>>> print(open('work11.tsv').read())   # TSV, C-alpha atoms and all ligand atoms
chain	number	residue	atom	x	y	z
U	1	MET	CA	-22.92	24.07	-10.76
U	2	ALA	CA	-21.97	24.52	-14.38
U	3	SER	CA	-18.74	23.17	-15.82
U	4	ASP	CA	-16.07	25.68	-14.93
U	5	GLY	CA	-13.20	24.47	-17.09
U	6	ASP	CA	-11.98	27.91	-18.15
U	7	ALA	CA	-12.72	29.97	-15.06
U	8	PHE	CA	-9.35	29.51	-13.36
U	9	GLU	CA	-5.70	29.96	-14.33
U	10	THR	CA	-3.94	27.41	-12.14
U	11	ILE	CA	-6.57	24.69	-11.85
U	12	THR	CA	-9.31	23.32	-14.05
U	13	VAL	CA	-12.69	22.23	-12.74
U	14	THR	CA	-15.24	20.23	-14.64
U	15	VAL	CA	-18.59	19.07	-13.35
U	16	GLU	CA	-20.49	16.24	-14.94
U	17	ALA	CA	-23.19	13.90	-13.69
U	18	GLY	CA	-22.72	14.82	-10.04
U	19	VAL	CA	-18.91	14.59	-10.07
U	20	ALA	CA	-16.54	17.56	-9.81
U	21	GLU	CA	-13.07	16.87	-11.17
U	22	ILE	CA	-10.37	19.31	-10.10
U	23	THR	CA	-7.01	19.26	-11.87
U	24	LEU	CA	-4.03	21.16	-10.45
U	25	ASN	CA	-2.68	22.80	-13.55
U	26	ARG	CA	0.86	24.14	-13.28
U	27	PRO	CA	2.56	21.17	-14.93
U	28	ASP	CA	5.85	23.00	-15.64
U	29	LYS	CA	6.29	23.35	-11.88
U	30	LEU	CA	4.95	19.89	-11.11
U	31	ASN	CA	1.72	21.60	-9.98
U	32	SER	CA	3.45	23.15	-6.96
U	33	PHE	CA	1.40	25.68	-5.00
U	34	ASN	CA	1.64	29.42	-5.46
U	35	THR	CA	-0.76	31.86	-3.84
U	36	MET	CA	-3.05	31.94	-6.86
U	37	MET	CA	-3.42	28.17	-6.92
U	38	HIS	CA	-4.30	28.22	-3.22
U	39	ARG	CA	-6.92	30.91	-3.80
U	40	GLU	CA	-8.42	29.20	-6.81
U	41	LEU	CA	-8.53	25.77	-5.21
U	42	ARG	CA	-10.13	27.23	-2.09
U	43	ALA	CA	-12.77	29.00	-4.17
U	44	ALA	CA	-13.51	25.84	-6.17
U	45	LEU	CA	-13.81	23.67	-3.06
U	46	LYS	CA	-16.11	26.21	-1.42
U	47	GLN	CA	-18.35	26.26	-4.47
U	48	ILE	CA	-18.37	22.46	-4.68
U	49	ALA	CA	-19.08	22.08	-0.95
U	50	GLY	CA	-22.15	24.27	-1.29
U	51	ASP	CA	-23.53	22.59	-4.41
U	52	ASP	CA	-25.88	19.72	-3.55
U	53	THR	CA	-25.86	18.50	-7.15
U	54	VAL	CA	-22.17	17.59	-6.76
U	55	ARG	CA	-21.97	14.30	-4.87
U	56	ALA	CA	-18.32	13.27	-5.37
U	57	VAL	CA	-15.04	15.06	-6.02
U	58	THR	CA	-11.80	13.99	-7.71
U	59	LEU	CA	-8.48	15.80	-7.32
U	60	THR	CA	-5.64	15.11	-9.73
U	61	GLY	CA	-2.68	16.83	-11.41
U	62	ALA	CA	-1.93	17.86	-14.98
U	63	GLY	CA	1.15	16.48	-16.71
U	64	ARG	CA	3.59	14.03	-15.16
U	65	GLY	CA	3.13	14.98	-11.50
U	66	PHE	CA	0.35	15.24	-8.92
U	67	CYS	CA	1.82	18.11	-6.86
U	68	ALA	CA	5.30	19.04	-5.59
U	69	GLY	CA	4.07	21.03	-2.58
U	70	GLN	CA	5.00	24.64	-2.08
U	71	ASP	CA	6.48	26.47	-5.09
U	72	LEU	CA	9.97	27.01	-3.73
U	73	SER	CA	10.76	29.74	-6.26
U	74	ASP	CA	8.44	31.91	-4.12
U	75	ARG	CA	10.58	31.19	-1.05
U	76	VAL	CA	14.03	32.19	-2.25
U	77	MET	CA	15.72	34.56	0.22
U	78	SER	CA	18.67	36.78	-0.46
U	79	GLY	CA	21.13	37.39	2.40
U	80	ALA	CA	19.37	40.53	3.53
U	81	ASP	CA	15.81	39.15	3.45
U	82	ASP	CA	13.93	38.28	6.59
U	83	ALA	CA	12.78	34.67	6.64
U	84	PRO	CA	9.13	34.34	5.61
U	85	ASP	CA	6.67	33.46	8.37
U	86	LEU	CA	5.73	29.94	7.30
U	87	GLY	CA	3.30	29.66	10.20
U	88	GLU	CA	1.38	32.43	8.53
U	89	THR	CA	1.24	30.66	5.16
U	90	LEU	CA	0.07	27.47	6.86
U	91	ASP	CA	-2.65	29.44	8.65
U	92	ALA	CA	-3.65	31.29	5.52
U	93	HIS	CA	-3.48	28.50	2.95
U	94	TYR	CA	-2.44	24.92	3.71
U	95	ASN	CA	-4.42	24.41	6.91
U	96	PRO	CA	-7.72	25.76	5.51
U	97	LEU	CA	-7.19	23.58	2.43
U	98	VAL	CA	-6.75	20.29	4.28
U	99	ARG	CA	-9.54	21.24	6.69
U	100	SER	CA	-11.88	21.82	3.78
U	101	LEU	CA	-11.00	18.41	2.28
U	102	ARG	CA	-11.57	16.63	5.60
U	103	ALA	CA	-14.80	18.54	6.26
U	104	MET	CA	-16.22	18.19	2.73
U	105	GLU	CA	-19.59	16.47	3.11
U	106	LYS	CA	-19.04	14.34	0.04
U	107	PRO	CA	-16.36	11.80	-0.84
U	108	VAL	CA	-13.09	13.16	-2.21
U	109	ILE	CA	-10.83	10.93	-4.31
U	110	ALA	CA	-7.18	11.76	-4.94
U	111	ALA	CA	-6.01	10.37	-8.29
U	112	VAL	CA	-2.23	10.58	-7.88
U	113	ASN	CA	-0.85	10.56	-11.40
U	114	GLY	CA	2.86	11.05	-10.63
U	115	VAL	CA	5.05	12.43	-7.89
U	116	ALA	CA	3.29	13.77	-4.78
U	117	ALA	CA	5.89	15.61	-2.72
U	118	GLY	CA	5.86	17.81	0.40
U	119	ALA	CA	2.45	19.34	1.00
U	120	GLY	CA	1.37	17.75	-2.29
U	121	CYS	CA	1.75	14.33	-0.67
U	122	ASN	CA	-0.15	15.28	2.46
U	123	ILE	CA	-2.94	16.99	0.53
U	124	ALA	CA	-3.45	13.72	-1.37
U	125	LEU	CA	-3.49	11.84	1.93
U	126	ALA	CA	-6.11	14.28	3.29
U	127	CYS	CA	-8.53	13.01	0.64
U	128	ASP	CA	-10.84	10.11	1.48
U	129	LEU	CA	-9.68	7.52	-1.03
U	130	VAL	CA	-6.27	7.71	-2.67
U	131	LEU	CA	-5.75	6.00	-6.02
U	132	ALA	CA	-2.28	6.04	-7.55
U	133	GLY	CA	-0.92	5.25	-10.97
U	134	GLU	CA	1.93	2.76	-10.92
U	135	SER	CA	4.45	5.51	-11.75
U	136	ALA	CA	3.24	7.66	-8.82
U	137	SER	CA	5.44	8.23	-5.80
U	138	PHE	CA	5.08	9.80	-2.37
U	139	ILE	CA	7.82	11.94	-0.83
U	140	GLN	CA	7.87	13.74	2.51
U	141	ALA	CA	10.34	16.17	0.99
U	142	PHE	CA	10.23	18.66	3.87
U	143	CYS	CA	13.26	17.33	5.78
U	144	LYS	CA	15.45	17.93	2.72
U	145	ILE	CA	14.93	21.68	3.12
U	146	GLY	CA	14.86	21.84	6.91
U	147	LEU	CA	11.07	21.78	7.37
U	148	ILE	CA	8.61	19.46	9.04
U	149	PRO	CA	5.73	17.62	7.33
U	150	ASP	CA	2.75	19.95	7.24
U	151	SER	CA	-0.75	19.88	5.77
U	152	GLY	CA	-1.61	17.31	8.45
U	153	GLY	CA	1.29	14.99	7.63
U	154	THR	CA	2.53	14.52	11.19
U	155	TRP	CA	-1.02	13.52	12.18
U	156	THR	CA	-1.98	11.46	9.15
U	157	LEU	CA	1.22	9.49	8.51
U	158	PRO	CA	1.56	7.62	11.83
U	159	ARG	CA	-2.12	6.72	11.64
U	160	LEU	CA	-1.83	5.39	8.11
U	161	VAL	CA	1.48	3.56	8.17
U	162	GLY	CA	2.56	3.35	11.84
U	163	TRP	CA	5.21	5.15	13.87
U	164	GLN	CA	8.41	3.77	12.35
U	165	ARG	CA	7.38	4.17	8.73
U	166	ALA	CA	6.01	7.65	9.44
U	167	LEU	CA	9.28	8.73	11.05
U	168	GLY	CA	11.30	7.06	8.31
U	169	MET	CA	9.35	8.90	5.63
U	170	ALA	CA	9.51	12.22	7.51
U	171	MET	CA	13.18	12.10	8.54
U	172	LEU	CA	14.66	10.57	5.39
U	173	GLY	CA	12.40	12.03	2.71
U	174	ASP	CA	12.84	8.93	0.56
U	175	LYS	CA	10.68	8.36	-2.49
U	176	ILE	CA	8.00	5.78	-1.64
U	177	SER	CA	6.83	3.96	-4.75
U	178	SER	CA	3.14	3.37	-5.43
U	179	GLU	CA	3.78	-0.34	-4.85
U	180	GLN	CA	5.26	0.31	-1.41
U	181	ALA	CA	2.48	2.83	-0.66
U	182	GLU	CA	-0.18	0.23	-1.40
U	183	GLU	CA	1.60	-2.43	0.64
U	184	TRP	CA	1.91	-0.07	3.62
U	185	GLY	CA	-1.72	1.07	3.49
U	186	LEU	CA	-0.77	4.65	2.61
U	187	ILE	CA	-3.22	4.52	-0.31
U	188	TRP	CA	-6.40	2.68	-1.24
U	189	LYS	CA	-5.33	1.23	-4.60
U	190	ARG	CA	-2.53	1.21	-7.17
U	191	LEU	CA	-3.48	1.02	-10.84
U	192	PRO	CA	-1.70	0.83	-14.20
U	193	ASP	CA	-1.08	4.44	-15.29
U	194	ALA	CA	-3.45	4.18	-18.26
U	195	GLU	CA	-6.25	2.99	-15.98
U	196	LEU	CA	-5.84	5.63	-13.27
U	197	MET	CA	-8.22	8.30	-14.57
U	198	PRO	CA	-10.80	5.90	-16.05
U	199	GLU	CA	-10.91	4.04	-12.71
U	200	ALA	CA	-10.98	7.27	-10.69
U	201	ARG	CA	-13.88	8.50	-12.82
U	202	LYS	CA	-15.70	5.19	-12.48
U	203	LEU	CA	-15.28	5.28	-8.71
U	204	ALA	CA	-16.40	8.92	-8.48
U	205	ALA	CA	-19.42	8.17	-10.68
U	206	HIS	CA	-20.34	5.26	-8.41
U	207	LEU	CA	-19.95	7.35	-5.24
U	208	ALA	CA	-22.09	10.10	-6.78
U	209	THR	CA	-25.02	7.67	-6.89
U	210	GLN	CA	-24.64	6.56	-3.27
U	211	PRO	CA	-26.28	7.95	-0.08
U	212	THR	CA	-24.27	11.18	0.07
U	213	LYS	CA	-25.46	12.21	3.54
U	214	GLY	CA	-24.61	8.76	4.88
U	215	LEU	CA	-21.13	8.92	3.34
U	216	ALA	CA	-20.60	12.36	4.90
U	217	LEU	CA	-21.62	10.96	8.30
U	218	ILE	CA	-19.16	8.06	7.87
U	219	LYS	CA	-16.44	10.61	7.18
U	220	GLN	CA	-17.44	12.66	10.22
U	221	ALA	CA	-17.34	9.59	12.47
U	222	MET	CA	-13.98	8.41	11.12
U	223	ASN	CA	-12.49	11.89	11.56
U	224	ALA	CA	-13.69	12.03	15.16
U	225	SER	CA	-12.41	8.50	15.92
U	226	MET	CA	-8.86	9.77	15.59
U	227	THR	CA	-9.19	11.75	18.81
U	228	ASN	CA	-12.20	10.21	20.61
U	229	ASP	CA	-11.95	7.42	23.14
U	230	PHE	CA	-14.09	4.31	22.65
U	231	ALA	CA	-16.95	5.49	24.89
U	232	ASP	CA	-17.16	8.86	23.15
U	233	GLN	CA	-17.08	7.18	19.77
U	234	LEU	CA	-19.97	4.89	20.69
U	235	ASP	CA	-21.96	7.96	21.72
U	236	LEU	CA	-21.08	9.67	18.46
U	237	GLU	CA	-22.13	6.60	16.44
U	238	ARG	CA	-25.48	6.68	18.25
U	239	ASP	CA	-25.96	10.36	17.42
U	240	LEU	CA	-24.88	10.10	13.79
U	241	GLN	CA	-26.85	6.89	13.20
U	242	ARG	CA	-29.90	8.76	14.44
U	243	VAL	CA	-29.28	11.38	11.76
U	244	ALA	CA	-28.59	8.72	9.09
U	245	GLY	CA	-31.78	6.91	10.01
U	246	ARG	CA	-33.81	10.00	9.21
U	247	THR	CA	-32.48	10.44	5.66
U	248	ALA	CA	-34.58	9.69	2.60
U	249	ASP	CA	-31.75	7.49	1.32
U	250	TYR	CA	-31.98	5.18	4.34
U	251	ARG	CA	-35.72	4.81	3.72
U	252	GLU	CA	-35.03	4.08	0.05
U	253	GLY	CA	-32.22	1.63	0.86
U	254	VAL	CA	-34.45	-0.45	3.12
U	255	GLN	CA	-37.36	-0.32	0.66
U	256	ALA	CA	-35.13	-1.37	-2.23
U	257	PHE	CA	-33.75	-4.28	-0.21
U	258	ILE	CA	-37.25	-5.52	0.65
U	259	GLU	CA	-38.38	-5.15	-2.96
U	260	LYS	CA	-35.20	-6.87	-4.22
U	261	ARG	CA	-34.32	-4.03	-6.57
U	262	ALA	CA	-31.43	-1.58	-6.95
U	263	ALA	CA	-31.76	1.46	-4.69
U	264	ARG	CA	-32.20	4.89	-6.25
U	265	PHE	CA	-30.38	7.20	-3.87
U	266	THR	CA	-30.83	10.94	-4.23
U	267	GLY	CA	-28.28	12.10	-1.67
U	268	ALA	CA	-31.03	13.49	0.56
U	301	LIG	O1	6.51	27.63	2.25
U	301	LIG	C1	5.48	27.47	2.90
U	301	LIG	O2	4.47	28.17	2.72
U	301	LIG	C2	5.42	26.37	3.93
U	301	LIG	C3	4.80	25.16	3.36
U	301	LIG	C4	5.53	24.23	2.77
U	301	LIG	C5	4.91	23.06	2.13
U	301	LIG	C6	5.86	22.27	1.26
U	301	LIG	O3	5.36	21.61	0.41
U	301	LIG	S1	7.54	22.34	1.56
U	301	LIG	C7	8.18	21.16	0.39
U	301	LIG	C8	8.31	21.76	-0.98
U	301	LIG	N1	8.55	20.79	-2.01
U	301	LIG	C9	9.71	20.19	-2.19
U	301	LIG	O4	10.67	20.38	-1.44
U	301	LIG	C10	9.84	19.30	-3.41
U	301	LIG	C11	10.78	19.92	-4.41
U	301	LIG	N2	10.82	19.13	-5.62
U	301	LIG	C12	11.54	18.00	-5.72
U	301	LIG	O5	12.16	17.55	-4.79
U	301	LIG	C13	11.54	17.33	-7.05
U	301	LIG	O6	11.17	18.27	-8.03
U	301	LIG	C14	10.58	16.13	-7.12
U	301	LIG	C15	11.15	14.99	-6.27
U	301	LIG	C16	9.18	16.50	-6.62
U	301	LIG	C17	10.47	15.64	-8.58
U	301	LIG	O7	11.74	15.42	-9.08
U	301	LIG	P1	11.94	15.23	-10.67
U	301	LIG	O8	13.38	14.93	-10.87
U	301	LIG	O9	10.95	14.26	-11.15
U	301	LIG	O10	11.54	16.63	-11.32
U	301	LIG	P2	12.37	18.00	-11.31
U	301	LIG	O11	13.24	18.05	-12.50
U	301	LIG	O12	13.01	18.20	-9.97
U	301	LIG	O13	11.19	19.06	-11.42
U	301	LIG	C18	10.59	19.38	-12.67
U	301	LIG	C19	10.41	20.86	-12.73
U	301	LIG	O14	9.50	21.24	-11.69
U	301	LIG	C20	11.71	21.61	-12.47
U	301	LIG	O15	11.66	22.81	-13.18
U	301	LIG	P3	12.61	23.03	-14.49
U	301	LIG	O16	14.00	22.80	-14.03
U	301	LIG	O17	12.15	21.98	-15.47
U	301	LIG	O18	12.33	24.44	-14.93
U	301	LIG	C21	11.61	21.92	-11.01
U	301	LIG	O19	12.37	23.04	-10.61
U	301	LIG	C22	10.12	22.20	-10.86
U	301	LIG	N3	9.70	21.97	-9.48
U	301	LIG	C23	9.56	20.79	-8.87
U	301	LIG	N4	9.16	20.97	-7.60
U	301	LIG	C24	9.06	22.30	-7.43
U	301	LIG	C25	9.42	22.94	-8.62
U	301	LIG	N5	9.44	24.27	-8.74
U	301	LIG	C26	9.10	24.98	-7.66
U	301	LIG	N6	8.75	24.43	-6.47
U	301	LIG	C27	8.71	23.10	-6.32
U	301	LIG	N7	8.31	22.57	-5.15
>>> encode(input="work11.tsv", output="structure tokens", more="lines below")
Ligand code: T3D
Amino acid sequence: MASDGDAFETITVTVEAGVAEITLNRPDKLNSFNTMMHRELRAALKQIAGDDTVRAVTLTGAGRGFCAGQDLSDRVMSGADDAPDLGETLDAHYNPLVRSLRAMEKPVIAAVNGVAAGAGCNIALACDLVLAGESASFIQAFCKIGLIPDSGGTWTLPRLVGWQRALGMAMLGDKISSEQAEEWGLIWKRLPDAELMPEARKLAAHLATQPTKGLALIKQAMNASMTNDFADQLDLERDLQRVAGRTADYREGVQAFIEKRAARFTGA
């Protein structure tokens, strides 16, 4: 996949050395989602998912925010207007987006560079590893406008931070600092702002040299563990380990260990 920096209006996508970096790019609106941004992000993720040369993905935001969720200026109703069918917009946009992040057969890093609010917060949390700059914050803003956490939030939050903290975040909509987020296990790592993108790029570059199929199988197993019981999960581990054991990267990993050298993984 060639670098696609100029192909979109609301996002930018660059591809270099096996890493796709997607930047949500509506900074004046804190990168909130309109229909075009949904369409463009979906198209980019589809292209990336199908490109075997891309072995890691980073998602970040332009300007001072990561993403403020839905663009509320597209939801203003005058007295006479019917309420929009938000179930429809979830079906059409937010749910396919978080599904595609969870199903992506390569690691996805969220580099949260500022506020992540509403669906913007839960989209970050749908990524595999969440890095945050120290000025980043996480807000389940939905309750402030009468909505419920979507984009997987009601599923992800209790699993990440436990029942009380999930309900506190969802019902109060308080701003959770990056420090608090790290302490609670909401994110993988907090970094000084200036180090966020260099570290995210370093991590993505590392992941892009790792056994991509194996990482995808780890993701598949972890996803399934959220609903499987222990017996089913053991069966799944058996099945997925069988697949992992047949990859070229497993063969290379064992060979490299025996030869006491660094492995050269190809992602196959
Ligand atoms: O509708 C559906 O399809 C259902 C799905 C819903 C998913 C959702 O995400 S619902 C939740 C939507 N998001 C929110 O409720 C968050 C709204 N934003 C805020 O609460 C605050 O902006 C923040 C806490 C995120 C940041 O606050 P602050 O003080 O740092 O920035 P600000 O001044 O509020 O925002 C800066 C600009 O971005 C400002 O524009 P202006 O005045 O400079 O022209 C503001 O209006 C704009 N902006 C921020 N968030 C949104 C937005 N514009 C449109 N939609 C937004 N969500």
>>> closest_residue(input="work11.tsv", among="U:Asp52, U:Glu21, U:Asp150, U:Glu40", to="ligand LIG 301 (chain U)", atoms="all atoms listed in the file")
U:Asp150
>>> atom_distance(input="work11.tsv", atom1="CA of Ala49 in chain U", atom2="CA of Arg102 in chain U")
11.4 Å
>>> closest_atom_pairs(input="work11.tsv", of="chain U", to="ligand LIG 301 (chain U)", cutoff="8 Å", atoms="all atoms listed in the file", output="Markdown table")
| residue | atom | partner | partner_atom | distance |
| --- | --- | --- | --- | --- |
| U:Pro27 | CA | U:LIG301 | O14 | 7.7 |
| U:Asp28 | CA | U:LIG301 | O14 | 5.7 |
| U:Lys29 | CA | U:LIG301 | O14 | 3.8 |
| U:Leu30 | CA | U:LIG301 | O14 | 4.8 |
| U:Asn31 | CA | U:LIG301 | C24 | 7.8 |
| U:Ser32 | CA | U:LIG301 | N7 | 5.2 |
| U:Phe33 | CA | U:LIG301 | N7 | 7.6 |
| U:Gly65 | CA | U:LIG301 | O9 | 7.9 |
| U:Cys67 | CA | U:LIG301 | C16 | 7.5 |
| U:Ala68 | CA | U:LIG301 | N7 | 4.7 |
| U:Gly69 | CA | U:LIG301 | O3 | 3.3 |
| U:Gln70 | CA | U:LIG301 | O3 | 3.9 |
| U:Asp71 | CA | U:LIG301 | N6 | 3.3 |
| U:Leu72 | CA | U:LIG301 | N6 | 4.0 |
| U:Ser73 | CA | U:LIG301 | C26 | 5.2 |
| U:Asp74 | CA | U:LIG301 | C26 | 7.8 |
| U:Arg75 | CA | U:LIG301 | O1 | 6.3 |
| U:Pro84 | CA | U:LIG301 | O1 | 7.9 |
| U:Leu86 | CA | U:LIG301 | C2 | 4.9 |
| U:Gly87 | CA | U:LIG301 | C2 | 7.4 |
| U:Glu88 | CA | U:LIG301 | O2 | 7.8 |
| U:Thr89 | CA | U:LIG301 | O2 | 4.8 |
| U:Leu90 | CA | U:LIG301 | O2 | 6.1 |
| U:His93 | CA | U:LIG301 | O2 | 8.0 |
| U:Tyr94 | CA | U:LIG301 | C3 | 7.3 |
| U:Val115 | CA | U:LIG301 | C16 | 5.9 |
| U:Ala116 | CA | U:LIG301 | C16 | 6.7 |
| U:Ala117 | CA | U:LIG301 | C16 | 5.2 |
| U:Gly118 | CA | U:LIG301 | O3 | 3.8 |
| U:Ala119 | CA | U:LIG301 | O3 | 3.7 |
| U:Gly120 | CA | U:LIG301 | O3 | 6.2 |
| U:Ile139 | CA | U:LIG301 | C15 | 7.1 |
| U:Gln140 | CA | U:LIG301 | C7 | 7.7 |
| U:Ala141 | CA | U:LIG301 | O4 | 4.9 |
| U:Phe142 | CA | U:LIG301 | C7 | 4.8 |
| U:Lys144 | CA | U:LIG301 | O4 | 6.8 |
| U:Ile145 | CA | U:LIG301 | O4 | 6.4 |
| U:Leu147 | CA | U:LIG301 | S1 | 6.8 |
| U:Pro149 | CA | U:LIG301 | C5 | 7.6 |
| U:Asp150 | CA | U:LIG301 | C5 | 6.4 |
| U:Ser151 | CA | U:LIG301 | C5 | 7.4 |
| U:Lys175 | CA | U:LIG301 | C15 | 7.6 |
>>> atom_distance(input="work11.tsv", atom1="CA of Leu215 in chain U", atom2="CA of Ala103 in chain U")
11.9 Å
>>> closest_atom_pairs(input="work11.tsv", of="range 98-190 of chain U", to="range 219-240 of chain U", cutoff="9 Å", atoms="only C-alpha atoms", output="CSV")
residue,atom,partner,partner_atom,distance
U:Arg102,CA,U:Asn223,CA,7.7
U:Ala103,CA,U:Gln220,CA,7.6
U:Met104,CA,U:Lys219,CA,8.8
U:Glu105,CA,U:Lys219,CA,7.8
U:Lys106,CA,U:Lys219,CA,8.5
U:Pro107,CA,U:Lys219,CA,8.1
U:Asp128,CA,U:Lys219,CA,8.0
U:Arg159,CA,U:Met226,CA,8.4
>>> closest_residue(input="work11.tsv", among="U:Gly146, U:Gly168, U:Gly185, U:Pro198", to="Gly133 in chain U", atoms="only C-alpha atoms")
U:Pro198
>>> closest_residue(input="work11.tsv", among="U:Leu172, U:Met37, U:Leu101, U:Val15", to="Ala205 in chain U", atoms="only C-alpha atoms")
U:Val15
>>> closest_residue(input="work11.tsv", among="U:Ile218, U:Leu203, U:Leu41, U:Thr10", to="Val243 in chain U", atoms="all atoms listed in the file")
U:Ile218
>>> closest_residue(input="work11.tsv", among="U:Asp193, U:Trp184, U:Leu131, U:Val19", to="Arg64 in chain U", atoms="all atoms listed in the file")
U:Asp193
>>> atom_distance(input="work11.tsv", atom1="CA of Ala124 in chain U", atom2="CA of Gly214 in chain U")
22.6 Å
>>> closest_residue(input="work11.tsv", among="U:Glu183, U:Arg201, U:Ala244, U:Asn122", to="Leu217 in chain U", atoms="all atoms listed in the file")
U:Ala244
>>> residues_around(input="work11.tsv", residues="Arg39 in chain U", least_positions_apart="4", cutoff="10 Å", atoms="all atoms listed in the file", output="ChimeraX atom specification")
/U:8,10,33-35,43-44,92-93,97
>>> closest_atom_pairs(input="work11.tsv", of="range 148-211 of chain U", to="range 249-263 of chain U", cutoff="10 Å", atoms="only C-alpha atoms", output="Markdown table")
| residue | atom | partner | partner_atom | distance |
| --- | --- | --- | --- | --- |
| U:Thr209 | CA | U:Ala263 | CA | 9.4 |
| U:Gln210 | CA | U:Asp249 | CA | 8.5 |
| U:Pro211 | CA | U:Asp249 | CA | 5.7 |
>>> residues_around(input="work11.tsv", residues="Gly50 in chain U", least_positions_apart="3", cutoff="10 Å", atoms="only C-alpha atoms", output="number ranges by chain")
U: 1, 45-47, 53-54, 104-105
